[in-house]
Number of protein chains: 2
Amino acid sequence: MTRSVATAEPMKAHRLYLLLREQILSGEVPDSAKLPSEPQLAQEHRVSRVTVRRALDKLASDGMIERRPGSGTFVSGGQTRMPVVADLANALTHLVEMGRKTGVRLIAFSYVNATPALAEELKLEPGERLQRSVRVRLIDGQPFSYLVTHVPERIGISYSEADLASTPLLELLERTGLVADKAQQIIGATLASPDVAAALDVEIGAALLSMTRVVYEASGRGIEHLQALYRPDRYSFHMELARTGDRGARRWTAADSRSLTEANENNNKKNAREKRPPLKRRTTHETGRDPSET
Amino acid sequence: MTRSVATAEPMKAHRLYLLLREQILSGEVPDSAKLPSEPQLAQEHRVSRVTVRRALDKLASDGMIERRPGSGTFVSGGQTRMPVVADLANALTHLVEMGRKTGVRLIAFSYVNATPALAEELKLEPGERLQRSVRVRLIDGQPFSYLVTHVPERIGISYSEADLASTPLLELLERTGLVADKAQQIIGATLASPDVAAALDVEIGAALLSMTRVVYEASGRGIEHLQALYRPDRYSFHMELARTGDRGARRWTAADSRSLTEANENNNKKNAREKRPPLKRRTTHETGRDPSET
DNA sequence: GAAATCTGTATCTTTTATAGGACAGATAGA
DNA sequence: TCTATCTGTCCTATAAAAGATACAGATTTC
C-alpha cells in the first residue's frame, strides 16, 4: 500500500500514442511505411482528428514519425528494437563481460513483517521479520528493472546496505555459505504504478514484464523472494527451443535465456521529460537513499 | 494498423482501480485485510476522495472488497490467484488431459504480403504471401490468449479454415510432413489495444503478456510466426530452476513450463459489462467469422 | 490543371472527470 | 457516553480533454 496515482494528460490521445508507439517499435508497422491518414486513424480509433493529432504530435516530438504535408505521415527509419545481448541461464553476470556498464540504485531498505502471502511463498512463519530492499538496475545509465527483494532477517544481516548497492543479491547470499538449491519463477505482466514508473522512467500506465522468483535452499526453506519489473523495451526473455523426441512423444526442450534489448537512440531526443512529479518515495517507514551507481 | 482507441472512463479512478485490483489479486494486500481509509488513499495517491471512491466502487461491484460504514473497507476472502495447471514444455496439449475444456475462436483468416519485419524473422523474401489467422483460445469458456499467426502460403493451403478452429496449428503443420526443428521465443509485455481487449474481455489499457515465437524447419526456413497475447491473470509462464555446477561455474538449469491460472470466480459477478462497444472487426480485407468453440 | 487527399492551424463548443466541501449515519475505542 | 474515524450521499465549481468545423497550403493523381 504505497503508491500514488497522478498525472493529468490527454488520455485518449495518450493511449493512442502508446499504441502507435508500440506498433512502430515492435516493427508491426514497417520502417518508412506510411501511416494511415489522420482522418483514417480518427475513424478507426473512434476519436476525433484533434485527438489523433495530439498523439501524432507526441510521436513526432519523439522523432519516431515524420509528417509530410500533403502526402502523409511516415515512420522514421531505424525504429525497430534489436536484441543485443543474449545472456544464458541466469542473471546479468555476463553483461559486464560483454562490456556493458551496469549499475544499481538502492531505493529503499528496511525490515518488515512477512505478509501471509510472502510467508507462504517463502515457506516461513507469517509475521517473521524480513529484510526488504528495493533496487533499480541500470544498463549504460538507463534503468531497465525494478527489484523488490525480501530475505529472512537472519540472513539479511550478514551483509550491509552498501553491499546491496554493489553486489548481486544471490552472490551475497551464497557468500554467507547459503546454498541455493532450487528456484521457481513466474513471468507475467503488469501496469506501471507511479513509483516504479518514475524509477524506470516510463509512462505511468505502461506495460511491464514482471517476474516473481523464489529461491530455496536445499532444506526447502526460502532464502530469497524477488519481485522484478522490467521495461519490456529494454529487457525481455528469450528462449531457444529444440524439437526433440520422436513423433507421438515430441517435445520442445528449452535452453532458457534472457536478453537485453538495445534502447532506441531516437527516444533520447525529447526524453528530458517535463513531467516528473514531486513523487514522495518511502511512504511507509523505509529508510531510503540513493547511493551512486556502481 | 487495425485498432481503435475508445472508451470514456474516469481515468484516474480507473487507474487506481487497476492498481488496487492488482495488489489484491497478487496477494500484496492480504485477504480480509483492511485497506487504508478513503481519505488516506486519496492523500497517498494524490487524488480527491471522489476519485478514490469511484475506484473502490468498481472494486466493490467486482466483489473484491467489502465496505463497512464506520469501520473501513476490507478485502473479500478468496482473492489470491492460484496456479492450477502446470503444463510442461510446450503448448496446451496437457490441458485437455487434465479435464479442462479448451476452445478456439477463429476471428480472422486471410492471405497477406509479408511485411519486411515478418519476412526477416521468418527468413523469407519480403512480400512473400503469408496466411494470416487470428484466433482466441478459451479455457472453460473464458478467453485467455489472442493468437496471430503467419504461415507461408504454400504451407497454409494444406489445411482448411475449419482445421484452424479445431486443431493446434503446430499439429496441422506437422501433419503435412513438415518437421519443426527449432524455435525461438521472446516474452515481453504490452498494452491491450481495443480489439484484443474486446477479444480477451479485459479493459483497454490492461497489461498483457506477449510472446513471439518463430518456428523453423531443419532447412532453417521459418514455417510459423506466432504473436501471442495472454491475459496475465489467466496465463503465465512458470519455470522451475535447479542450481547446478560447482562454485565458480554454477548455473541455473531450467525446466521450462507454463501454467494457467485459475480465474477468480468473484469476478464473474458484475462482469456482464455495460460497455462492449460496437467494435468493428476485420477492418482490412479479412474474411472473418466466429466458429463455435471446439 | 483540376480534383482528391494530405497535413497544418485556428476557433469554438460540449462534455465530463476531478476537486473540494458539508453533513448524516455507523462503528469502535477510551 | 463522548470522541475520533469510518463510509454513504449530495452538492457545486473548475479545469481541461475531446469533439466539431472551417480553411489554408502541399502533394499526388489522372
# chains A, B, ... in the order shown; residues from 1 in each chain; ligands from 1
$ interface_residues --of "chain A" --to "chain D" --cutoff "7 Å" --atoms "only C-alpha atoms (C1' of nucleotides)" --output "number ranges by chain"
A: 10, 48, 69-71
$ select_by_dssp --residues "range 115-200 of chain B" --states "strand (DSSP E)" --output "VMD selection string"
chain B and resid 129 to 139 142 to 152 180 to 191
$ interface_residues --of "chain C" --to "chain B" --cutoff "8 Å" --atoms "only C-alpha atoms (C1' of nucleotides)" --output "ChimeraX atom specification"
/C:17-20,26-28
$ write_last_selection --atoms "all heavy atoms" --output "CSV table (one decimal), in the first residue's frame"
chain,number,residue,atom,x,y,z
C,17,DA,P,-16.6,11.1,-17.0
C,17,DA,OP1,-16.7,10.4,-18.3
C,17,DA,OP2,-17.5,10.8,-15.9
C,17,DA,O5',-15.1,11.0,-16.5
C,17,DA,C5',-14.0,11.4,-17.3
C,17,DA,C4',-13.1,12.3,-16.4
C,17,DA,O4',-13.6,13.6,-16.3
C,17,DA,C3',-12.8,11.7,-15.0
C,17,DA,O3',-11.4,11.8,-14.8
C,17,DA,C2',-13.6,12.6,-14.1
C,17,DA,C1',-13.5,14.0,-14.9
C,17,DA,N9,-14.7,14.8,-14.7
C,17,DA,C8,-16.0,14.5,-14.7
C,17,DA,N7,-16.8,15.5,-14.4
C,17,DA,C5,-15.9,16.6,-14.3
C,17,DA,C6,-16.2,18.0,-14.0
C,17,DA,N6,-17.4,18.5,-13.8
C,17,DA,N1,-15.1,18.8,-13.9
C,17,DA,C2,-13.9,18.2,-14.0
C,17,DA,N3,-13.5,17.0,-14.3
C,17,DA,C4,-14.6,16.2,-14.4
C,18,DT,P,-10.8,11.1,-13.5
C,18,DT,OP1,-9.5,10.7,-13.9
C,18,DT,OP2,-11.8,10.2,-13.0
C,18,DT,O5',-10.7,12.3,-12.5
C,18,DT,C5',-9.9,13.5,-12.8
C,18,DT,C4',-10.2,14.6,-11.8
C,18,DT,O4',-11.5,15.1,-12.0
C,18,DT,C3',-10.1,14.2,-10.3
C,18,DT,O3',-8.9,14.7,-9.8
C,18,DT,C2',-11.4,14.8,-9.7
C,18,DT,C1',-11.9,15.8,-10.8
C,18,DT,N1,-13.3,16.0,-10.8
C,18,DT,C2,-13.8,17.2,-10.7
C,18,DT,O2,-13.1,18.2,-10.5
C,18,DT,N3,-15.2,17.4,-10.7
C,18,DT,C4,-16.1,16.3,-10.9
C,18,DT,O4,-17.3,16.5,-10.9
C,18,DT,C5,-15.5,15.0,-11.1
C,18,DT,C7,-16.4,13.8,-11.3
C,18,DT,C6,-14.2,14.9,-11.0
C,19,DA,P,-8.6,14.6,-8.3
C,19,DA,OP1,-7.1,14.6,-8.1
C,19,DA,OP2,-9.4,13.5,-7.7
C,19,DA,O5',-9.2,16.0,-7.7
C,19,DA,C5',-8.8,17.2,-8.4
C,19,DA,C4',-9.5,18.4,-7.7
C,19,DA,O4',-10.9,18.4,-8.0
C,19,DA,C3',-9.3,18.3,-6.2
C,19,DA,O3',-8.9,19.6,-5.7
C,19,DA,C2',-10.8,18.0,-5.7
C,19,DA,C1',-11.6,18.6,-6.8
C,19,DA,N9,-12.9,17.9,-7.0
C,19,DA,C8,-13.1,16.5,-7.2
C,19,DA,N7,-14.3,16.2,-7.4
C,19,DA,C5,-15.0,17.4,-7.3
C,19,DA,C6,-16.4,17.7,-7.3
C,19,DA,N6,-17.3,16.8,-7.6
C,19,DA,N1,-16.7,19.0,-7.2
C,19,DA,C2,-15.8,19.9,-6.9
C,19,DA,N3,-14.4,19.7,-6.8
C,19,DA,C4,-14.1,18.4,-7.0
C,20,DG,P,-8.4,19.7,-4.3
C,20,DG,OP1,-7.3,20.7,-4.4
C,20,DG,OP2,-8.2,18.4,-3.7
C,20,DG,O5',-9.6,20.4,-3.5
C,20,DG,C5',-10.4,21.4,-4.1
C,20,DG,C4',-11.6,21.6,-3.3
C,20,DG,O4',-12.7,20.8,-3.8
C,20,DG,C3',-11.5,21.3,-1.8
C,20,DG,O3',-12.0,22.4,-1.0
C,20,DG,C2',-12.3,20.0,-1.6
C,20,DG,C1',-13.4,20.3,-2.6
C,20,DG,N9,-14.1,19.1,-3.0
C,20,DG,C8,-13.6,17.8,-3.2
C,20,DG,N7,-14.5,16.9,-3.6
C,20,DG,C5,-15.7,17.6,-3.7
C,20,DG,C6,-17.0,17.2,-4.0
C,20,DG,O6,-17.3,16.1,-4.4
C,20,DG,N1,-17.9,18.3,-4.0
C,20,DG,C2,-17.5,19.6,-3.7
C,20,DG,N2,-18.5,20.5,-3.7
C,20,DG,N3,-16.3,20.0,-3.3
C,20,DG,C4,-15.4,19.0,-3.3
C,26,DA,P,-27.4,4.6,11.2
C,26,DA,OP1,-28.5,3.8,10.9
C,26,DA,OP2,-27.3,5.3,12.5
C,26,DA,O5',-26.0,3.7,11.1
C,26,DA,C5',-25.3,3.7,9.9
C,26,DA,C4',-24.0,2.9,10.2
C,26,DA,O4',-22.9,3.9,10.4
C,26,DA,C3',-24.0,2.0,11.4
C,26,DA,O3',-23.3,0.8,11.1
C,26,DA,C2',-23.3,2.8,12.5
C,26,DA,C1',-22.3,3.7,11.7
C,26,DA,N9,-22.1,5.0,12.2
C,26,DA,C8,-23.0,5.9,12.7
C,26,DA,N7,-22.5,7.1,13.1
C,26,DA,C5,-21.1,6.9,12.9
C,26,DA,C6,-20.0,7.7,13.1
C,26,DA,N6,-20.1,9.0,13.6
C,26,DA,N1,-18.8,7.3,12.8
C,26,DA,C2,-18.7,6.0,12.3
C,26,DA,N3,-19.6,5.2,12.0
C,26,DA,C4,-20.9,5.6,12.4
C,27,DT,P,-23.1,-0.4,12.2
C,27,DT,OP1,-23.1,-1.6,11.4
C,27,DT,OP2,-24.2,-0.2,13.2
C,27,DT,O5',-21.7,-0.1,12.8
C,27,DT,C5',-20.6,0.0,11.9
C,27,DT,C4',-19.4,0.4,12.7
C,27,DT,O4',-19.4,1.7,13.1
C,27,DT,C3',-19.2,-0.4,14.0
C,27,DT,O3',-18.0,-1.2,13.9
C,27,DT,C2',-19.1,0.6,15.1
C,27,DT,C1',-18.7,1.9,14.3
C,27,DT,N1,-19.1,3.2,14.9
C,27,DT,C2,-18.2,4.1,15.1
C,27,DT,O2,-17.0,3.9,14.9
C,27,DT,N3,-18.7,5.3,15.7
C,27,DT,C4,-20.0,5.6,16.0
C,27,DT,O4,-20.3,6.7,16.4
C,27,DT,C5,-20.9,4.6,15.7
C,27,DT,C7,-22.4,4.8,15.9
C,27,DT,C6,-20.5,3.4,15.1
C,28,DA,P,-17.6,-2.3,14.9
C,28,DA,OP1,-17.0,-3.4,14.2
C,28,DA,OP2,-18.7,-2.5,15.9
C,28,DA,O5',-16.4,-1.5,15.7
C,28,DA,C5',-15.4,-0.9,14.9
C,28,DA,C4',-14.5,-0.1,15.8
C,28,DA,O4',-15.1,1.1,16.1
C,28,DA,C3',-14.1,-0.8,17.1
C,28,DA,O3',-12.7,-0.7,17.4
C,28,DA,C2',-15.0,-0.1,18.2
C,28,DA,C1',-15.0,1.3,17.5
C,28,DA,N9,-16.2,2.1,17.9
C,28,DA,C8,-17.5,1.7,18.0
C,28,DA,N7,-18.4,2.6,18.3
C,28,DA,C5,-17.6,3.7,18.5
C,28,DA,C6,-17.9,5.0,18.9
C,28,DA,N6,-19.1,5.5,19.2
C,28,DA,N1,-16.9,5.9,19.0
C,28,DA,C2,-15.6,5.5,18.7
C,28,DA,N3,-15.2,4.3,18.3
C,28,DA,C4,-16.3,3.4,18.3
$ closest_residue --among "B:Ser61, B:Ser160, B:Thr244, B:Ser236" --to "Lys182 in chain A" --atoms "only C-alpha atoms"
B:Thr244
$ residues_around --residues "Arg137 in chain B" --least-positions-apart "5" --cutoff "10 Å" --atoms "only C-alpha atoms (C1' of nucleotides)" --output "VMD selection string"
chain B and resid 102 to 106 142 to 147 165 199 to 200 230 293
